[in-house]
Amino acid sequence: MSQLESHLVHERRNRPQGPSPVDLVSVQSQLAYGYAGNSAATPVLRMLGVRVAEVPTTLFSNTPFYPTLRGRVLPADWLAELLLGLDERGVTARAPLLASGYFGSVANGEAFATWLERNHAAGTAPRYLLDPVIGDTHTGAYVEPGLEQVFVQRLLPLAWMVTPNAFELERLAGRPALRESDALQAARELLQRGPQWVLAHSVVGEGEDDGDQLLTLLVGREQAWRLRSPRLAVDVAGTGDVLTALVATFLLRGEAPQRAAERALAGVHATLESTLANRWEELDVQAAAAAALASGPARFPAVAL
């Protein structure tokens, strides 16, 4: 330990003093095997040239969808120290975007909220994309119940964009949101609590031709858009994490939110198609970048409502 401490305080003689650029701070889970949380988002972000600072909330061997799960949720004081370290390096104040995903515990959600509130008060908080990971329609909620209140009471008012699935939108709004008309109303309720945008995915359409389709709804203060994509017979973790990462990437490039949503959905759909074609048990995140960058008409165009 004494040798480690000696190394930590050693000043490297020829180290340049300029701060390293960071485009996005990503606070999510981390896996040794598989793709979810930062382990899904960060490869996609870096393939697309985004300089990301990863902050883990968990360190797991894999997602919980296997017979065994090893590792731990990070203690809240560890997470708080990692976030404080970003403040001390000036990262928080100079990164233009912040994204959060799975926290793993109420205590971690509260530690993150306290850090973000402090930076908002100081004027050093990045623009915030909140992926409110709670659960899904086929799994139900898989987080501690108290975490939903952290999202509603502390994080929603600070978020610029929220990216829930339909189940999570229901939980945040406290009203049905699975079908399109309900989801639009639920999203507009969330906008009244602070965010500028809601990007709701895995919504069910109500038209005659919507049986084999899933809807993604982008809802803003003045306008809303619908994006349709085919429903695929594949269920893997990480799709919401990749969606948020891709939206962040194209917002950083100056794309309008509806164009960012079009590119993000194309990228996510490509990962699912490749995963299904290869018969892999984990999401093929490598397929996202080329599909998201494809030129020409949008594969899944955003249609104004």
# chains A, B, ... in the order shown; residues from 1 in each chain; ligands from 1

call {"tool": "residues_around", "arguments": {"residues": "A:Ala237", "least_positions_apart": "2", "cutoff": "9 Å", "atoms": "only C-alpha atoms", "output": "PyMOL selection string"}}
result
chain A and resi 34-37+40+63+65+235+239-241+282-283

call {"tool": "residues_around", "arguments": {"residues": "A:Val22", "least_positions_apart": "5", "cutoff": "8 Å", "atoms": "only C-alpha atoms", "output": "PyMOL selection string"}}
result
chain A and resi 51-53+91+94-95

call {"tool": "residues_around", "arguments": {"residues": "A:Ile134", "least_positions_apart": "6", "cutoff": "9 Å", "atoms": "only C-alpha atoms", "output": "list in words"}}
result
Tyr102, Gly140, Ala141, Tyr142, Val143, Glu144, Pro145, Leu147, Glu148, Pro164, Phe167, Glu168 and Arg171 of chain A

call {"tool": "residues_around", "arguments": {"residues": "A:Arg179", "least_positions_apart": "4", "cutoff": "7 Å", "atoms": "only C-alpha atoms", "output": "list in words"}}
result
Ala183, Val203, Val204, Gly205 and Glu206 of chain A

call {"tool": "closest_residue", "arguments": {"among": "A:Ala256, A:Leu79, A:Leu265, A:Glu273", "to": "A:Ala233", "atoms": "only C-alpha atoms"}}
result
A:Glu273

call {"tool": "select_by_dssp", "arguments": {"residues": "stretch 43-191 of chain A", "states": "strand (DSSP E)", "output": "PyMOL selection string"}}
result
chain A and resi 52-60+71-73+97-100+127-130+135-136+140-141+161-162

call {"tool": "write_last_selection", "arguments": {"atoms": "N, CA and C atoms", "output": "short mmCIF file (atom, residue, chain, number, x, y, z; two decimals), in the first residue's frame"}}
result
data_model
loop_
_atom_site.label_atom_id
_atom_site.label_comp_id
_atom_site.auth_asym_id
_atom_site.auth_seq_id
_atom_site.Cartn_x
_atom_site.Cartn_y
_atom_site.Cartn_z
N VAL A 52 -15.85 9.55 -23.82
CA VAL A 52 -16.77 9.29 -22.71
C VAL A 52 -16.01 8.99 -21.43
N ALA A 53 -16.50 9.55 -20.33
CA ALA A 53 -16.01 9.22 -18.99
C ALA A 53 -17.01 8.25 -18.38
N GLU A 54 -16.59 7.02 -18.12
CA GLU A 54 -17.47 5.98 -17.59
C GLU A 54 -17.43 5.98 -16.06
N VAL A 55 -18.60 6.00 -15.45
CA VAL A 55 -18.71 5.87 -14.01
C VAL A 55 -19.59 4.65 -13.73
N PRO A 56 -19.05 3.57 -13.15
CA PRO A 56 -19.87 2.38 -12.89
C PRO A 56 -20.71 2.53 -11.64
N THR A 57 -21.92 2.01 -11.68
CA THR A 57 -22.77 1.91 -10.49
C THR A 57 -22.79 0.49 -9.95
N THR A 58 -22.47 -0.47 -10.82
CA THR A 58 -22.36 -1.87 -10.43
C THR A 58 -21.16 -2.47 -11.14
N LEU A 59 -20.65 -3.56 -10.61
CA LEU A 59 -19.64 -4.38 -11.29
C LEU A 59 -20.13 -5.83 -11.21
N PHE A 60 -20.76 -6.28 -12.30
CA PHE A 60 -21.35 -7.62 -12.34
C PHE A 60 -20.63 -8.47 -13.38
N GLY A 71 -20.55 -10.59 -8.55
CA GLY A 71 -20.20 -9.18 -8.48
C GLY A 71 -21.06 -8.45 -7.47
N ARG A 72 -21.02 -7.13 -7.52
CA ARG A 72 -21.67 -6.31 -6.51
C ARG A 72 -22.22 -5.02 -7.09
N VAL A 73 -23.25 -4.50 -6.43
CA VAL A 73 -23.62 -3.10 -6.60
C VAL A 73 -22.59 -2.27 -5.85
N LEU A 97 -22.54 16.83 -22.01
CA LEU A 97 -23.67 15.94 -21.77
C LEU A 97 -23.36 14.96 -20.63
N LEU A 98 -24.43 14.59 -19.93
CA LEU A 98 -24.40 13.59 -18.87
C LEU A 98 -25.55 12.62 -19.12
N ALA A 99 -25.30 11.32 -18.98
CA ALA A 99 -26.36 10.32 -19.09
C ALA A 99 -26.29 9.38 -17.89
N SER A 100 -27.45 8.98 -17.40
CA SER A 100 -27.48 7.99 -16.32
C SER A 100 -28.42 6.86 -16.70
N ARG A 127 -25.80 19.14 -19.56
CA ARG A 127 -27.16 18.80 -19.98
C ARG A 127 -27.38 17.32 -19.74
N TYR A 128 -28.52 16.98 -19.16
CA TYR A 128 -28.71 15.66 -18.56
C TYR A 128 -29.74 14.83 -19.32
N LEU A 129 -29.33 13.61 -19.74
CA LEU A 129 -30.21 12.61 -20.34
C LEU A 129 -30.46 11.51 -19.31
N LEU A 130 -31.71 11.38 -18.89
CA LEU A 130 -32.08 10.41 -17.87
C LEU A 130 -32.73 9.20 -18.52
N GLY A 135 -37.72 -1.27 -15.19
CA GLY A 135 -38.15 -2.61 -15.56
C GLY A 135 -38.74 -2.60 -16.94
N ASP A 136 -39.57 -3.59 -17.23
CA ASP A 136 -40.19 -3.71 -18.56
C ASP A 136 -41.51 -4.45 -18.41
N GLY A 140 -41.71 -6.83 -15.30
CA GLY A 140 -42.12 -6.03 -14.15
C GLY A 140 -40.95 -5.20 -13.67
N ALA A 141 -41.11 -4.57 -12.52
CA ALA A 141 -40.03 -3.75 -11.96
C ALA A 141 -38.94 -4.65 -11.39
N MET A 161 -33.69 15.54 -21.21
CA MET A 161 -34.41 14.51 -21.96
C MET A 161 -34.54 13.27 -21.10
N VAL A 162 -35.68 12.59 -21.22
CA VAL A 162 -35.94 11.33 -20.51
C VAL A 162 -36.21 10.26 -21.56
#

call {"tool": "closest_residue", "arguments": {"among": "A:Trp225, A:Ser20, A:Leu48, A:Pro64", "to": "A:Tyr33", "atoms": "only C-alpha atoms"}}
result
A:Pro64

call {"tool": "residues_around", "arguments": {"residues": "stretch 188-198 of chain A", "least_positions_apart": "4", "cutoff": "9 Å", "atoms": "only C-alpha atoms", "output": "list in words"}}
result
Val152, Leu156, Pro157, Leu158, Ala159, Trp160, Met161, Val162, Thr163, Pro164, Leu169, Leu172, Ala173, Ala183, Leu184, Leu217, Leu218, Val219, Gly220, Arg221 and Pro257 of chain A

call {"tool": "write_last_selection", "arguments": {"atoms": "C-alpha atoms", "output": "PDB file, in the first residue's frame"}}
result
ATOM      1  CA  VAL A 152     -39.765  11.385  -9.937  1.00  0.00           C
ATOM      2  CA  LEU A 156     -36.909  14.430 -13.523  1.00  0.00           C
ATOM      3  CA  PRO A 157     -36.782  18.145 -12.634  1.00  0.00           C
ATOM      4  CA  LEU A 158     -33.079  18.227 -13.605  1.00  0.00           C
ATOM      5  CA  ALA A 159     -33.309  16.222 -16.851  1.00  0.00           C
ATOM      6  CA  TRP A 160     -33.274  17.765 -20.314  1.00  0.00           C
ATOM      7  CA  MET A 161     -34.407  14.514 -21.963  1.00  0.00           C
ATOM      8  CA  VAL A 162     -35.939  11.325 -20.510  1.00  0.00           C
ATOM      9  CA  THR A 163     -35.738   8.020 -22.423  1.00  0.00           C
ATOM     10  CA  PRO A 164     -38.129   5.496 -20.787  1.00  0.00           C
ATOM     11  CA  LEU A 169     -43.179   5.845 -18.589  1.00  0.00           C
ATOM     12  CA  LEU A 172     -43.052   7.743 -13.748  1.00  0.00           C
ATOM     13  CA  ALA A 173     -46.325   9.313 -14.856  1.00  0.00           C
ATOM     14  CA  ALA A 183     -48.118   7.273 -23.905  1.00  0.00           C
ATOM     15  CA  LEU A 184     -48.491  10.719 -25.473  1.00  0.00           C
ATOM     16  CA  LEU A 217     -42.457   8.571 -29.585  1.00  0.00           C
ATOM     17  CA  LEU A 218     -40.444  11.769 -29.356  1.00  0.00           C
ATOM     18  CA  VAL A 219     -42.487  14.318 -27.445  1.00  0.00           C
ATOM     19  CA  GLY A 220     -41.449  17.925 -26.952  1.00  0.00           C
ATOM     20  CA  ARG A 221     -43.082  21.033 -25.544  1.00  0.00           C
ATOM     21  CA  PRO A 257     -33.784  15.681 -31.635  1.00  0.00           C
TER      22      PRO A 257
END

call {"tool": "atom_distance", "arguments": {"atom1": "atom CA of A:Phe103", "atom2": "atom CA of A:Pro67"}}
result
21.9 Å

call {"tool": "atom_distance", "arguments": {"atom1": "atom CA of A:Leu293", "atom2": "atom CA of A:Asp23"}}
result
18.4 Å

call {"tool": "residues_around", "arguments": {"residues": "A:Arg299", "least_positions_apart": "2", "cutoff": "10 Å", "atoms": "only C-alpha atoms", "output": "mmCIF file with C-alpha atoms, in the first residue's frame"}}
result
data_model
loop_
_atom_site.group_PDB
_atom_site.id
_atom_site.type_symbol
_atom_site.label_atom_id
_atom_site.label_comp_id
_atom_site.auth_asym_id
_atom_site.auth_seq_id
_atom_site.Cartn_x
_atom_site.Cartn_y
_atom_site.Cartn_z
ATOM 1 C CA LEU A 227 -41.255 6.433 -35.444
ATOM 2 C CA ARG A 228 -42.360 2.927 -36.470
ATOM 3 C CA SER A 229 -40.071 -0.103 -36.556
ATOM 4 C CA GLU A 262 -34.142 8.452 -36.400
ATOM 5 C CA ARG A 263 -30.449 7.579 -36.420
ATOM 6 C CA LEU A 265 -33.536 3.780 -33.828
ATOM 7 C CA ALA A 266 -31.810 2.623 -37.020
ATOM 8 C CA GLY A 267 -28.718 1.732 -35.004
ATOM 9 C CA HIS A 269 -32.659 -2.089 -34.905
ATOM 10 C CA ALA A 291 -26.507 1.780 -39.412
ATOM 11 C CA ALA A 292 -26.773 4.985 -37.395
ATOM 12 C CA ALA A 294 -26.010 5.625 -42.952
ATOM 13 C CA SER A 295 -26.682 8.452 -45.389
ATOM 14 C CA GLY A 296 -29.859 8.850 -47.413
ATOM 15 C CA PRO A 297 -33.463 8.743 -46.238
ATOM 16 C CA PRO A 301 -38.584 8.321 -40.403
ATOM 17 C CA ALA A 302 -39.988 10.529 -37.665
#

call {"tool": "atom_distance", "arguments": {"atom1": "atom CA of A:Leu251", "atom2": "atom CA of A:Arg46"}}
result
15.0 Å

call {"tool": "select_by_dssp", "arguments": {"residues": "stretch 121-197 of chain A", "states": "helix (DSSP H, G or I)", "output": "PyMOL selection string"}}
result
chain A and resi 121-122+146-158+166-173+180-191

call {"tool": "closest_residue", "arguments": {"among": "A:Thr114, A:Thr42, A:Thr271, A:Ser202", "to": "A:Val236", "atoms": "only C-alpha atoms"}}
result
A:Thr271

call {"tool": "residues_around", "arguments": {"residues": "A:Val242", "least_positions_apart": "3", "cutoff": "8 Å", "atoms": "only C-alpha atoms", "output": "list in words"}}
result
Ala40, Ala41, Val44, Gly238, Thr239, Ala245, Leu246, Ala264, Val268 and Val285 of chain A

call {"tool": "closest_residue", "arguments": {"among": "A:Ala125, A:Ala113, A:Ala260, A:Ala304", "to": "A:Gln153", "atoms": "only C-alpha atoms"}}
result
A:Ala113

call {"tool": "decode", "arguments": {"residues": "stretch 40-53 of chain A", "atoms": "C-alpha atoms", "output": "compact mmCIF listing (two decimals), in the first residue's frame"}}
result
# COMPACT_ATOMS: atom_id res chain seq x y z
CA ALA A 40 -23.28 -1.52 -24.14
CA ALA A 41 -23.19 2.26 -24.43
CA THR A 42 -19.45 2.93 -24.28
CA PRO A 43 -18.37 0.73 -27.24
CA VAL A 44 -20.98 2.43 -29.43
CA LEU A 45 -20.03 5.90 -28.24
CA ARG A 46 -16.34 5.31 -28.90
CA MET A 47 -16.96 3.78 -32.34
CA LEU A 48 -18.68 7.06 -33.20
CA GLY A 49 -15.87 9.23 -31.83
CA VAL A 50 -17.48 10.30 -28.56
CA ARG A 51 -15.02 10.79 -25.70
CA VAL A 52 -16.77 9.29 -22.71
CA ALA A 53 -16.01 9.22 -18.99
